[in-house]
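Trainee: Compact mmCIF, C-alpha atoms and all ligand atoms, file final-v7.txt:
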```
# COMPACT_ATOMS: atom_id res chain seq x y z
CA MET A 1289 -7.36 17.21 31.52
CA SER A 1290 -9.21 20.52 31.33
CA LEU A 1291 -9.90 22.52 28.19
CA GLU A 1292 -7.64 25.36 29.44
CA GLN A 1293 -4.62 23.06 29.56
CA ILE A 1294 -4.79 22.20 25.86
CA ARG A 1295 -2.11 23.83 23.66
CA SER A 1296 -0.86 23.35 20.08
CA PHE A 1297 0.05 19.75 19.32
CA TYR A 1298 3.74 19.03 18.66
CA PRO A 1299 4.35 15.36 17.85
CA PRO A 1300 7.67 13.74 18.77
CA ILE A 1301 10.16 13.18 15.95
CA ARG A 1302 9.98 9.45 15.23
CA THR A 1303 11.56 7.18 12.67
CA LEU A 1304 8.67 5.28 11.09
CA MET A 1305 9.73 1.76 10.16
CA GLY A 1306 6.46 -0.05 10.69
CA PRO A 1307 3.86 -1.19 8.17
CA GLY A 1308 2.89 2.43 7.42
CA PRO A 1309 2.62 5.31 7.55
CA SER A 1310 6.26 5.61 6.59
CA ASP A 1311 8.45 8.66 7.19
CA VAL A 1312 7.07 11.55 5.16
CA HIS A 1313 9.61 13.24 2.91
CA PRO A 1314 10.41 16.80 4.18
CA ARG A 1315 9.72 18.15 0.69
CA VAL A 1316 6.21 16.69 0.93
CA LEU A 1317 5.57 18.33 4.31
CA ALA A 1318 6.87 21.63 2.96
CA ALA A 1319 4.64 21.37 -0.12
CA MET A 1320 1.60 20.82 2.09
CA ALA A 1321 2.26 24.09 3.93
CA ARG A 1322 1.88 26.12 0.72
CA PRO A 1323 -1.14 28.47 0.47
CA THR A 1324 -4.53 26.87 -0.01
CA ILE A 1325 -6.31 27.91 -3.21
CA GLY A 1326 -9.76 27.09 -4.52
CA HIS A 1327 -10.26 23.57 -5.80
CA LEU A 1328 -11.80 24.88 -9.03
CA ASP A 1329 -9.05 27.52 -9.47
CA PRO A 1330 -7.53 27.00 -12.95
CA VAL A 1331 -4.05 26.76 -11.39
CA PHE A 1332 -5.23 23.95 -9.11
CA VAL A 1333 -7.00 22.24 -11.99
CA SER A 1334 -3.78 22.14 -14.02
CA MET A 1335 -2.00 20.63 -11.00
CA MET A 1336 -4.71 17.94 -10.97
CA ASP A 1337 -3.88 17.16 -14.60
CA GLU A 1338 -0.20 16.80 -13.65
CA LEU A 1339 -1.21 14.51 -10.80
CA LYS A 1340 -3.00 12.21 -13.23
CA LEU A 1341 0.08 12.04 -15.47
CA LEU A 1342 2.36 11.35 -12.53
CA LEU A 1343 0.06 8.61 -11.25
CA GLN A 1344 -0.10 7.05 -14.70
CA TYR A 1345 3.69 6.87 -14.60
CA GLY A 1346 3.67 5.37 -11.09
CA PHE A 1347 1.12 2.73 -12.07
CA GLN A 1348 2.78 2.22 -15.49
CA THR A 1349 -0.48 2.73 -17.31
CA LYS A 1350 -2.17 4.82 -19.95
CA ASN A 1351 -5.56 4.39 -18.25
CA ASP A 1352 -7.46 7.64 -18.51
CA LEU A 1353 -9.31 6.96 -15.27
CA THR A 1354 -6.29 7.31 -12.97
CA ILE A 1355 -6.93 9.58 -10.00
CA PRO A 1356 -6.36 9.92 -6.27
CA VAL A 1357 -9.52 9.16 -4.26
CA SER A 1358 -9.95 11.80 -1.52
CA ALA A 1359 -9.73 9.29 1.34
CA PRO A 1360 -7.35 6.56 2.60
CA GLY A 1361 -6.51 3.20 1.00
CA SER A 1362 -9.64 1.57 2.42
CA ALA A 1363 -11.72 4.02 0.38
CA GLY A 1364 -9.71 3.10 -2.73
CA MET A 1365 -10.59 -0.53 -1.97
CA GLU A 1366 -14.28 0.35 -1.61
CA THR A 1367 -14.18 2.43 -4.80
CA CYS A 1368 -13.13 -0.65 -6.76
CA PHE A 1369 -15.69 -2.98 -5.20
CA VAL A 1370 -18.74 -0.70 -5.10
CA ASN A 1371 -18.27 0.30 -8.72
CA LEU A 1372 -17.43 -3.09 -10.18
CA VAL A 1373 -19.48 -5.60 -8.16
CA GLU A 1374 -23.20 -5.76 -8.86
CA PRO A 1375 -25.65 -7.63 -6.61
CA GLY A 1376 -25.60 -11.38 -7.20
CA GLU A 1377 -22.21 -11.42 -8.96
CA LYS A 1378 -19.56 -13.93 -8.01
CA VAL A 1379 -16.09 -12.68 -7.09
CA VAL A 1380 -13.10 -14.95 -6.51
CA VAL A 1381 -11.34 -13.42 -3.49
CA CYS A 1382 -7.82 -14.55 -2.65
CA THR A 1383 -6.78 -14.19 0.95
CA ASN A 1384 -3.38 -14.64 2.53
CA GLY A 1385 -3.66 -12.08 5.31
CA VAL A 1386 -5.80 -9.31 6.80
CA PHE A 1387 -6.55 -7.33 3.66
CA GLY A 1388 -7.95 -10.23 1.61
CA GLY A 1389 -10.46 -10.66 4.44
CA ARG A 1390 -11.54 -7.05 3.98
CA MET A 1391 -12.09 -7.70 0.28
CA LYS A 1392 -14.56 -10.45 1.19
CA GLU A 1393 -16.43 -7.97 3.43
CA ASN A 1394 -16.57 -5.53 0.53
CA VAL A 1395 -17.95 -8.11 -1.90
CA GLU A 1396 -20.66 -9.16 0.53
CA ARG A 1397 -21.63 -5.57 1.35
CA CYS A 1398 -22.10 -4.99 -2.39
CA GLY A 1399 -24.52 -7.94 -2.51
CA GLY A 1400 -21.96 -10.11 -4.29
CA ILE A 1401 -20.95 -13.71 -3.57
CA ALA A 1402 -17.35 -14.21 -2.46
CA VAL A 1403 -15.67 -17.45 -3.52
CA MET A 1404 -12.66 -17.71 -1.23
CA VAL A 1405 -9.19 -18.93 -2.24
CA GLU A 1406 -7.26 -19.17 1.00
CA ALA A 1407 -3.49 -19.28 1.42
CA GLU A 1408 -1.43 -19.63 4.56
CA TRP A 1409 -0.52 -16.30 6.18
CA GLY A 1410 3.03 -15.45 5.15
CA ARG A 1411 2.76 -17.15 1.75
CA ALA A 1412 1.87 -15.81 -1.69
CA VAL A 1413 -1.48 -16.64 -3.29
CA ASP A 1414 -1.19 -19.96 -5.16
CA PRO A 1415 -2.20 -19.39 -8.84
CA GLN A 1416 -3.13 -23.09 -9.18
CA ARG A 1417 -5.79 -22.66 -6.51
CA VAL A 1418 -7.07 -19.54 -8.27
CA GLU A 1419 -7.42 -21.55 -11.48
CA ASP A 1420 -9.21 -24.37 -9.61
CA ALA A 1421 -11.71 -21.83 -8.24
CA LEU A 1422 -12.24 -20.30 -11.69
CA LYS A 1423 -12.86 -23.75 -13.21
CA LYS A 1424 -15.40 -24.56 -10.49
CA ASN A 1425 -17.11 -21.17 -10.85
CA PRO A 1426 -17.42 -20.38 -14.56
CA ASP A 1427 -19.95 -17.65 -13.71
CA ALA A 1428 -17.38 -15.64 -11.67
CA LYS A 1429 -16.96 -12.08 -12.96
CA ILE A 1430 -13.99 -10.75 -10.97
CA VAL A 1431 -10.79 -12.00 -9.32
CA ALA A 1432 -9.62 -9.89 -6.37
CA PHE A 1433 -6.26 -10.21 -4.64
CA VAL A 1434 -3.68 -8.30 -2.64
CA HIS A 1435 -0.41 -7.77 -4.50
CA ALA A 1436 1.61 -6.80 -1.40
CA GLU A 1437 0.07 -8.20 1.81
CA THR A 1438 1.25 -5.72 4.45
CA SER A 1439 -0.03 -7.88 7.29
CA THR A 1440 2.49 -10.64 6.49
CA GLY A 1441 5.11 -9.28 4.05
CA ALA A 1442 4.20 -11.68 1.21
CA GLN A 1443 4.08 -10.66 -2.44
CA SER A 1444 1.77 -12.43 -4.89
CA ASP A 1445 2.35 -12.92 -8.59
CA ALA A 1446 0.00 -10.29 -10.01
CA LYS A 1447 0.96 -10.98 -13.63
CA THR A 1448 0.12 -14.70 -13.47
CA ILE A 1449 -3.11 -14.22 -11.51
CA SER A 1450 -4.22 -11.51 -13.94
CA ALA A 1451 -3.51 -13.74 -16.96
CA LEU A 1452 -5.63 -16.49 -15.39
CA ALA A 1453 -8.47 -14.08 -14.67
CA ARG A 1454 -8.48 -12.97 -18.32
CA GLN A 1455 -8.38 -16.56 -19.54
CA TYR A 1456 -11.60 -17.22 -17.61
CA GLY A 1457 -13.28 -13.94 -18.67
CA CYS A 1458 -12.87 -12.11 -15.36
CA LEU A 1459 -11.78 -8.59 -14.44
CA THR A 1460 -9.21 -8.10 -11.67
CA ILE A 1461 -9.29 -5.92 -8.56
CA VAL A 1462 -5.80 -5.51 -7.16
CA ASP A 1463 -4.66 -4.09 -3.81
CA ALA A 1464 -1.39 -2.27 -4.48
CA VAL A 1465 -1.42 -0.13 -1.32
CA THR A 1466 2.05 -1.28 -0.27
CA SER A 1467 3.48 -2.19 -3.67
CA LEU A 1468 3.23 1.11 -5.58
CA ALA A 1469 6.78 2.54 -5.98
CA GLY A 1470 8.30 -0.16 -3.73
CA THR A 1471 8.25 -3.19 -5.97
CA PRO A 1472 7.47 -3.67 -9.69
CA LEU A 1473 3.82 -2.97 -10.50
CA LYS A 1474 2.98 -2.81 -14.21
CA VAL A 1475 -0.72 -2.17 -14.66
CA ASP A 1476 -0.81 -2.18 -18.48
CA ASP A 1477 1.78 -4.93 -19.11
CA TRP A 1478 0.03 -7.20 -16.63
CA GLN A 1479 -3.44 -6.13 -17.83
CA LEU A 1480 -4.77 -5.33 -14.37
CA ASP A 1481 -8.25 -3.79 -14.38
CA ALA A 1482 -8.91 -1.95 -11.11
CA VAL A 1483 -5.96 -1.12 -8.88
CA TYR A 1484 -5.91 0.93 -5.69
CA SER A 1485 -3.02 2.15 -3.58
CA GLY A 1486 -2.27 4.45 -0.63
CA SER A 1487 -0.29 7.65 -0.21
CA GLN A 1488 1.38 6.71 3.08
CA LYS A 1489 3.56 3.72 2.16
CA CYS A 1490 6.25 3.75 -0.55
CA LEU A 1491 5.23 7.20 -1.81
CA SER A 1492 6.19 8.75 1.56
CA CYS A 1493 3.25 11.13 1.53
CA THR A 1494 0.88 11.67 4.45
CA PRO A 1495 -1.98 9.16 4.88
CA GLY A 1496 -5.43 9.96 3.56
CA LEU A 1497 -5.28 9.65 -0.24
CA SER A 1498 -5.79 6.59 -2.40
CA PRO A 1499 -4.48 6.58 -5.98
CA VAL A 1500 -6.63 4.32 -8.18
CA THR A 1501 -6.57 3.32 -11.83
CA PHE A 1502 -9.22 1.60 -13.98
CA SER A 1503 -8.71 -0.08 -17.35
CA PRO A 1504 -11.04 0.69 -20.29
CA ARG A 1505 -12.64 -2.76 -19.69
CA ALA A 1506 -13.39 -1.83 -16.10
CA VAL A 1507 -14.78 1.58 -17.12
CA GLU A 1508 -17.04 -0.16 -19.66
CA LYS A 1509 -18.42 -2.40 -16.92
CA ILE A 1510 -19.03 0.57 -14.63
CA LYS A 1511 -20.85 2.49 -17.37
CA ALA A 1512 -23.00 -0.55 -18.21
CA ARG A 1513 -24.14 -1.17 -14.60
CA LYS A 1514 -27.75 -2.22 -14.19
CA SER A 1515 -27.99 -0.87 -10.64
CA LYS A 1516 -26.86 2.45 -9.16
CA VAL A 1517 -23.59 2.39 -7.20
CA GLN A 1518 -24.80 2.40 -3.59
CA SER A 1519 -22.16 4.94 -2.46
CA TRP A 1520 -22.77 8.46 -3.76
CA PHE A 1521 -19.28 9.66 -2.75
CA LEU A 1522 -17.40 6.80 -4.41
CA ASP A 1523 -19.58 6.49 -7.54
CA LEU A 1524 -17.00 6.85 -10.31
CA ASN A 1525 -19.61 7.97 -12.82
CA LEU A 1526 -19.86 11.15 -10.70
CA VAL A 1527 -16.17 11.39 -9.69
CA MET A 1528 -15.19 11.17 -13.38
CA GLY A 1529 -17.01 14.47 -13.96
CA TYR A 1530 -14.70 16.14 -11.44
CA TRP A 1531 -11.42 14.58 -12.57
CA GLY A 1532 -12.40 14.32 -16.23
CA GLY A 1533 -10.42 17.32 -17.56
CA ALA A 1534 -10.47 21.10 -17.43
CA VAL A 1535 -13.40 21.59 -19.81
CA LYS A 1536 -15.97 19.37 -18.12
CA ARG A 1537 -14.76 19.68 -14.52
CA ALA A 1538 -17.81 19.92 -12.27
CA TYR A 1539 -18.11 20.27 -8.50
CA HIS A 1540 -18.36 16.89 -6.80
CA HIS A 1541 -16.71 17.39 -3.40
CA THR A 1542 -14.15 19.87 -2.07
CA ALA A 1543 -10.81 18.27 -2.88
CA PRO A 1544 -8.27 17.93 -0.04
CA ILE A 1545 -6.17 20.68 -1.60
CA ASN A 1546 -3.03 20.72 0.56
CA PRO A 1547 -2.76 16.92 0.83
CA LEU A 1548 -2.92 16.85 -2.98
CA TYR A 1549 0.03 19.29 -3.08
CA GLY A 1550 1.81 16.74 -0.91
CA LEU A 1551 0.95 13.85 -3.21
CA HIS A 1552 2.07 15.88 -6.22
CA GLU A 1553 5.45 16.52 -4.55
CA ALA A 1554 5.81 12.85 -3.54
CA LEU A 1555 5.17 11.80 -7.13
CA VAL A 1556 7.63 14.36 -8.51
CA ILE A 1557 10.26 12.88 -6.15
CA MET A 1558 9.36 9.39 -7.42
CA LYS A 1559 9.56 10.51 -11.06
CA ASP A 1560 12.92 12.27 -10.53
CA GLU A 1561 14.39 9.18 -8.90
CA GLY A 1562 12.86 6.95 -11.59
CA LEU A 1563 10.55 4.03 -10.79
CA GLU A 1564 13.15 1.34 -11.57
CA ASN A 1565 15.65 3.09 -9.30
CA SER A 1566 13.06 3.27 -6.55
CA TRP A 1567 12.33 -0.47 -6.85
CA ALA A 1568 16.09 -1.19 -6.86
CA ARG A 1569 16.68 0.96 -3.76
CA HIS A 1570 13.96 -0.90 -1.84
CA ALA A 1571 15.52 -4.22 -2.87
CA ARG A 1572 19.03 -3.07 -1.84
CA MET A 1573 17.87 -1.83 1.56
CA HIS A 1574 15.97 -5.06 2.13
CA GLY A 1575 19.18 -6.97 1.30
CA ALA A 1576 21.12 -4.97 3.89
CA LEU A 1577 18.46 -5.37 6.59
CA ARG A 1578 18.14 -9.07 5.85
CA ALA A 1579 21.90 -9.60 6.15
CA GLY A 1580 21.93 -7.83 9.52
CA VAL A 1581 18.85 -9.60 10.88
CA GLU A 1582 20.13 -13.03 9.82
CA ALA A 1583 23.61 -12.33 11.21
CA MET A 1584 21.96 -11.70 14.58
CA GLY A 1585 20.41 -15.16 14.29
CA LEU A 1586 16.85 -14.06 13.56
CA SER A 1587 14.77 -15.40 10.67
CA PHE A 1588 12.09 -14.23 8.24
CA LEU A 1589 8.52 -15.51 8.14
CA VAL A 1590 8.12 -15.34 4.34
CA PRO A 1591 10.19 -17.57 1.99
CA ALA A 1592 12.76 -15.46 0.09
CA ALA A 1593 11.08 -15.80 -3.33
CA GLU A 1594 7.75 -14.47 -2.00
CA ARG A 1595 9.11 -11.71 0.22
CA LEU A 1596 8.32 -8.01 -0.06
CA PRO A 1597 11.44 -5.84 0.22
CA GLN A 1598 9.46 -3.01 1.78
CA LEU A 1599 7.83 -5.08 4.56
CA ASN A 1600 10.08 -7.43 6.52
CA THR A 1601 8.36 -9.87 8.84
CA ILE A 1602 10.79 -11.24 11.39
CA ARG A 1603 10.18 -14.05 13.84
CA LEU A 1604 10.74 -13.31 17.52
CA PRO A 1605 13.65 -15.02 19.27
CA ASP A 1606 12.64 -17.45 22.03
CA GLY A 1607 11.45 -16.04 25.34
CA VAL A 1608 11.04 -12.44 24.18
CA ASP A 1609 8.08 -10.21 25.03
CA GLU A 1610 7.11 -8.80 21.63
CA ALA A 1611 5.25 -5.68 22.82
CA ALA A 1612 7.88 -4.81 25.44
CA ILE A 1613 10.65 -4.67 22.83
CA ARG A 1614 8.55 -2.54 20.51
CA GLN A 1615 7.70 -0.18 23.34
CA ARG A 1616 11.35 0.25 24.30
CA LEU A 1617 12.28 0.96 20.69
CA LEU A 1618 9.62 3.65 20.61
CA ASN A 1619 10.33 5.18 24.01
CA GLU A 1620 14.13 5.01 24.03
CA PHE A 1621 14.97 5.31 20.32
CA ASN A 1622 11.88 7.04 18.84
CA LEU A 1623 11.77 4.11 16.44
CA GLU A 1624 8.45 2.63 15.39
CA ILE A 1625 8.24 -0.93 14.10
CA GLY A 1626 5.04 -2.96 13.71
CA ALA A 1627 3.50 -5.86 15.60
CA GLY A 1628 2.10 -9.04 14.05
CA LEU A 1629 -1.61 -9.09 13.25
CA GLY A 1630 -4.23 -11.82 13.74
CA ALA A 1631 -2.66 -15.26 13.91
CA LEU A 1632 0.81 -13.65 13.87
CA ALA A 1633 0.21 -11.41 16.91
CA GLY A 1634 3.00 -11.84 19.46
CA LYS A 1635 5.04 -13.99 17.05
CA VAL A 1636 6.62 -11.49 14.62
CA TRP A 1637 7.70 -7.91 14.12
CA ARG A 1638 7.02 -6.07 10.88
CA ILE A 1639 9.82 -3.75 9.82
CA GLY A 1640 8.94 -1.38 6.99
CA LEU A 1641 11.44 -0.01 4.52
CA MET A 1642 9.08 2.17 2.59
CA GLY A 1643 9.80 5.12 0.34
CA TYR A 1644 11.91 7.82 1.97
CA ALA A 1645 12.47 5.52 4.97
CA ALA A 1646 14.24 2.93 2.79
CA ASN A 1647 17.75 4.25 3.33
CA ILE A 1648 20.98 2.96 4.81
CA LYS A 1649 20.86 5.29 7.82
CA ASN A 1650 17.53 3.77 8.87
CA VAL A 1651 18.70 0.20 8.25
CA LEU A 1652 21.79 0.63 10.46
CA PHE A 1653 19.85 2.55 13.12
CA CYS A 1654 17.14 -0.11 13.27
CA LEU A 1655 19.63 -2.99 13.46
CA SER A 1656 21.62 -1.27 16.23
CA ALA A 1657 18.55 -0.33 18.28
CA LEU A 1658 17.02 -3.79 17.90
CA GLU A 1659 20.29 -5.50 18.85
CA ALA A 1660 20.81 -3.31 21.92
CA THR A 1661 17.24 -3.81 23.11
CA LEU A 1662 17.22 -7.57 22.54
CA ALA A 1663 20.61 -7.96 24.21
CA ASP A 1664 19.35 -6.03 27.22
CA ALA A 1665 16.35 -8.38 27.39
CA ARG A 1666 18.82 -11.31 27.37
CA ALA A 1667 17.44 -12.63 24.09
CA PRO A 1668 19.51 -15.39 22.42
CA ILE A 1669 21.04 -13.31 19.61
CA LYS A 1670 24.52 -12.92 18.22
CA ARG A 1671 25.92 -9.47 19.10
CA GLY A 1672 28.26 -7.10 17.27
CA VAL A 1673 27.78 -8.55 13.77
CA ALA A 1674 24.57 -7.09 12.34
CA VAL A 1675 25.86 -3.69 11.19
CA ASP A 1676 28.93 -5.19 9.50
CA ALA A 1677 26.79 -7.78 7.76
CA ALA A 1678 24.42 -5.08 6.50
CA LEU A 1679 27.30 -2.96 5.20
CA SER A 1680 28.91 -5.97 3.50
CA ALA A 1681 25.62 -6.70 1.73
CA LEU A 1682 25.76 -3.25 0.17
CA ARG A 1683 29.34 -3.53 -1.13
C1 LIG B 1701 -2.48 -3.95 1.78
C2 LIG B 1701 -3.33 -2.86 2.36
N1 LIG B 1701 -4.56 -2.65 1.89
C3 LIG B 1701 -5.35 -1.68 2.38
C4 LIG B 1701 -4.93 -0.87 3.41
C5 LIG B 1701 -5.84 0.19 3.95
O1 LIG B 1701 -5.31 1.46 3.75
P1 LIG B 1701 -5.69 2.67 4.74
O2 LIG B 1701 -5.22 2.29 6.09
O3 LIG B 1701 -4.95 3.84 4.13
O4 LIG B 1701 -7.16 2.84 4.68
C6 LIG B 1701 -3.65 -1.04 3.94
C7 LIG B 1701 -3.17 -0.21 5.06
O5 LIG B 1701 -2.24 -0.53 5.74
C8 LIG B 1701 -2.84 -2.07 3.39
O6 LIG B 1701 -1.60 -2.27 3.87
```
Kindly transcribe the structure held in the file into C-alpha cells.

Mentor:
Amino acid sequence: MSLEQIRSFYPPIRTLMGPGPSDVHPRVLAAMARPTIGHLDPVFVSMMDELKLLLQYGFQTKNDLTIPVSAPGSAGMETCFVNLVEPGEKVVVCTNGVFGGRMKENVERCGGIAVMVEAEWGRAVDPQRVEDALKKNPDAKIVAFVHAETSTGAQSDAKTISALARQYGCLTIVDAVTSLAGTPLKVDDWQLDAVYSGSQKCLSCTPGLSPVTFSPRAVEKIKARKSKVQSWFLDLNLVMGYWGGAVKRAYHHTAPINPLYGLHEALVIMKDEGLENSWARHARMHGALRAGVEAMGLSFLVPAAERLPQLNTIRLPDGVDEAAIRQRLLNEFNLEIGAGLGALAGKVWRIGLMGYAANIKNVLFCLSALEATLADARAPIKRGVAVDAALSALR
C-alpha cells in the first residue's frame, strides 16, 4: 500500500458480543464528538467532579479517592499494585484465569513476593484455599483477586474473600474490569480496599479509561509508603493533586477530555437505568441466551452458581473448527464473539452480554447466527429451537 492510497478510516458496523470492548452506546459516541475544551477549564473541572460522584455510585462507595485513570484497565491494575505493594511485601494472589497471572507479574515487578492460590480455569476462587494461604503466611499484607474473570466467565465471591483478608489484617486489590455495572459490586458493604475497572465492558464506553477507587485504609497505606512509587504517571500521591477538587487542582497530565465526556455519558445512562436494574437486565439476558444455547444442545464451561451473566463461556460441539465459525460470524453476520484463551484455546467461545449489548435483539441475533453457521458446518446441534427457548425464558 502506498501513502497516496490512504483515506479516512471507516470501520464496519459490527455487533460486539465478545469479551470486550462491547458495543458503545450511541449517546456515548455522540458525547465524545462534542467540542474539546481545556482540561483546567472550570466547566471541565466541574464535569470531573460529577464523574467522581457517578463513579462512587457505580462502585457503591463513599471513597473520596474514586477517579478514572487516563489509560485502559491494565493501567488501573498497575495503579493499584504500584501504589500499594512495597518491595519485600507478601501478596496473596488468587488466580483462576489470565488476569490473576497478570497480578502476579505486577507484584513481582513491584519487588513484592507473590503467594499463589490457584484455582482451575472456569471455577471461582476457593475461599478455603485463600484462608489456608493466609494462615501459612501471617506476614502477608494484601490479598489480590479477580472478581469477574473475563478469560473464563467465572465470578468469585468478593465479599467472602474480602472478609477473610480483613480477618488476617490484609488489604484487598480487586479486579472489577468486567463486573462493574454488570453484576453486583458493593465496594463499601464488602469493605474492598483498591478496586479497578474498565470503561469498555458493562459501561459501554470506548476502551482506554480505568475507573478506580481506594478505601481510606488503602490511602493511609499509600501516604505512609517508605519508598517512592516507581511509576511517576501512576503515583496516586501526584494524581490526587489533579483530581482532588477544584481548589487544589494542579496540572499532572493532559486529561483525555473527549473520552471523559464519553465516560460521563455512559455513567449518566447507568445512573438513569439504576444499578440494580442494570444487574437485573444482564441476568435476564444471560437467562435467555443460556436457554437458547442449551436448547441447541451446547453446554457452559462454568457451573451455574459461579457463572458471570455478562460473559458466557460455551463449549464447542464435537468436530467443529472454533476459529472458522468465529470468522464466518464476523464476515457474514458482522458479529464478533471471543475465542478461548490459554488452556481453553480452541475449546470454547466467549459470548459477551455487556452493557448496551445486553439486549434481547442481540441475544436472538447471536443465537440465530450461531445456529445457522453451526448447522452449515454440520455440527451436531438441535435446530429450530434456540430462539423459542430464549423467548420462553423471558416470559
Ligand atoms: C478481568 C480483566 N482485567 C484486566 C483487563 C485489562 O483491561 P484493558 O484491556 O482495558 O487494559 C481486562 C481486559 O479485558 C479484563 O477482562

Trainee: Could you state the separation of CA of Asn1525 in chain A and CA of Val1507 in chain A in Å, given to one decimal place?

Mentor: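 Answer for the CA of Asn1525 in chain A to CA of Val1507 in chain A separation: 9.1 Å.
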
Trainee: Which one of A:Gly1640, A:Pro1605, A:Pro1323, A:Pro1314 sits closest to ligand LIG 1701 (chain B) if you count all atoms listed in the file?

Mentor: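 Ranking A:Gly1640, A:Pro1605, A:Pro1323, A:Pro1314 by distance to ligand LIG 1701 (chain B), first place goes to A:Gly1640.
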
Trainee: Interatomic distance between CA of Phe1433 in chain A and CA of Met1391 in chain A?

Mentor: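 One can read the CA of Phe1433 in chain A to CA of Met1391 in chain A distance as 8.0 Å.
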
Trainee: List every residue of chain A that has an atom at most 9 Å from any atom of ligand LIG 1701 (chain B), giving for each one its closest atom pair and the distance in Å to one decimal, counting all atoms listed in the file, sorted by chain and then by ascending residue number, as a tab-separated table.

Mentor:
```
residue	atom	partner	partner_atom	distance
A:Pro1307	CA	B:LIG1701	O5	6.6
A:Gly1308	CA	B:LIG1701	O5	6.2
A:Pro1309	CA	B:LIG1701	O5	7.8
A:Ala1359	CA	B:LIG1701	O4	7.7
A:Pro1360	CA	B:LIG1701	O3	3.9
A:Gly1361	CA	B:LIG1701	O1	3.5
A:Ser1362	CA	B:LIG1701	O4	3.6
A:Ala1363	CA	B:LIG1701	O4	6.4
A:Gly1364	CA	B:LIG1701	O4	7.8
A:Met1365	CA	B:LIG1701	C3	6.9
A:Gly1385	CA	B:LIG1701	C1	8.9
A:Val1386	CA	B:LIG1701	C1	8.1
A:Phe1387	CA	B:LIG1701	N1	5.4
A:Gly1388	CA	B:LIG1701	N1	8.3
A:Arg1390	CA	B:LIG1701	C3	8.3
A:Val1434	CA	B:LIG1701	C1	6.3
A:His1435	CA	B:LIG1701	C1	7.6
A:Ala1436	CA	B:LIG1701	C1	5.9
A:Glu1437	CA	B:LIG1701	C1	5.0
A:Thr1438	CA	B:LIG1701	O6	4.5
A:Ser1439	CA	B:LIG1701	O6	6.8
A:Asp1463	CA	B:LIG1701	N1	5.9
A:Ala1464	CA	B:LIG1701	C1	6.6
A:Val1465	CA	B:LIG1701	C2	5.0
A:Thr1466	CA	B:LIG1701	O6	5.6
A:Ser1467	CA	B:LIG1701	C1	8.3
A:Tyr1484	CA	B:LIG1701	N1	8.5
A:Ser1485	CA	B:LIG1701	N1	7.4
A:Gly1486	CA	B:LIG1701	O3	5.5
A:Ser1487	CA	B:LIG1701	O3	7.4
A:Gln1488	CA	B:LIG1701	O3	7.0
A:Lys1489	CA	B:LIG1701	O5	8.0
A:Pro1495	CA	B:LIG1701	O3	6.1
A:Gly1496	CA	B:LIG1701	O3	6.2
A:Leu1497	CA	B:LIG1701	O3	7.3
A:Ser1498	CA	B:LIG1701	O3	7.1
```

Trainee: Measure the distance from CA of Trp1637 in chain A to CA of Glu1610 in chain A in Å and round it to one decimal.

Mentor: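 Taking CA of Trp1637 in chain A and CA of Glu1610 in chain A, their separation equals 7.6 Å.
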
Trainee: Within 6 Å of range 1342-1354 of chain A, counting all atoms listed in the file, which residues show up once you throw out same-chain ones fewer than 6 positions away? Write them as a ChimeraX atom specification, please.

Mentor: /A:1474-1476,1500-1503

Trainee: Write out as a ChimeraX atom specification each polymer residue whose atoms come within 6 Å of Ala1319 in chain A, counting all atoms listed in the file; drop sequence neighbours fewer than 2 positions from it.

Mentor: /A:1316-1317,1321-1322,1549-1550

Trainee: Suppose we keep C-alpha atoms; can you now write the selection as a tab-separated table (two decimals), in the coordinates of the input?

Mentor:
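again06.tsv was written with the following content:
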```tsv
chain	number	residue	atom	x	y	z
A	1316	VAL	CA	6.21	16.69	0.93
A	1317	LEU	CA	5.57	18.33	4.31
A	1321	ALA	CA	2.26	24.09	3.93
A	1322	ARG	CA	1.88	26.12	0.72
A	1549	TYR	CA	0.03	19.29	-3.08
A	1550	GLY	CA	1.81	16.74	-0.91
```

Trainee: Kindly output range 1653-1663 of chain A as a compact mmCIF listing (two decimals), in the frame of the given file, after building N, CA and C atoms.

Mentor:
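Output file result38.txt is given in full below:
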```txt
# COMPACT_ATOMS: atom_id res chain seq x y z
N PHE A 1653 20.45 2.09 11.86
CA PHE A 1653 19.85 2.55 13.12
C PHE A 1653 18.94 1.46 13.69
N CYS A 1654 18.09 0.90 12.83
CA CYS A 1654 17.14 -0.11 13.27
C CYS A 1654 17.87 -1.36 13.77
N LEU A 1655 18.88 -1.79 13.04
CA LEU A 1655 19.63 -2.99 13.46
C LEU A 1655 20.30 -2.74 14.81
N SER A 1656 20.91 -1.56 14.98
CA SER A 1656 21.62 -1.27 16.23
C SER A 1656 20.64 -1.19 17.40
N ALA A 1657 19.52 -0.50 17.19
CA ALA A 1657 18.55 -0.33 18.28
C ALA A 1657 17.93 -1.68 18.65
N LEU A 1658 17.62 -2.48 17.64
CA LEU A 1658 17.02 -3.79 17.90
C LEU A 1658 18.02 -4.68 18.64
N GLU A 1659 19.26 -4.66 18.20
CA GLU A 1659 20.29 -5.50 18.85
C GLU A 1659 20.47 -5.10 20.31
N ALA A 1660 20.59 -3.79 20.54
CA ALA A 1660 20.81 -3.31 21.92
C ALA A 1660 19.63 -3.70 22.82
N THR A 1661 18.43 -3.54 22.30
CA THR A 1661 17.24 -3.81 23.11
C THR A 1661 17.09 -5.31 23.38
N LEU A 1662 17.33 -6.11 22.36
CA LEU A 1662 17.22 -7.57 22.54
C LEU A 1662 18.31 -8.08 23.49
N ALA A 1663 19.52 -7.53 23.34
CA ALA A 1663 20.61 -7.96 24.21
C ALA A 1663 20.28 -7.63 25.67
```
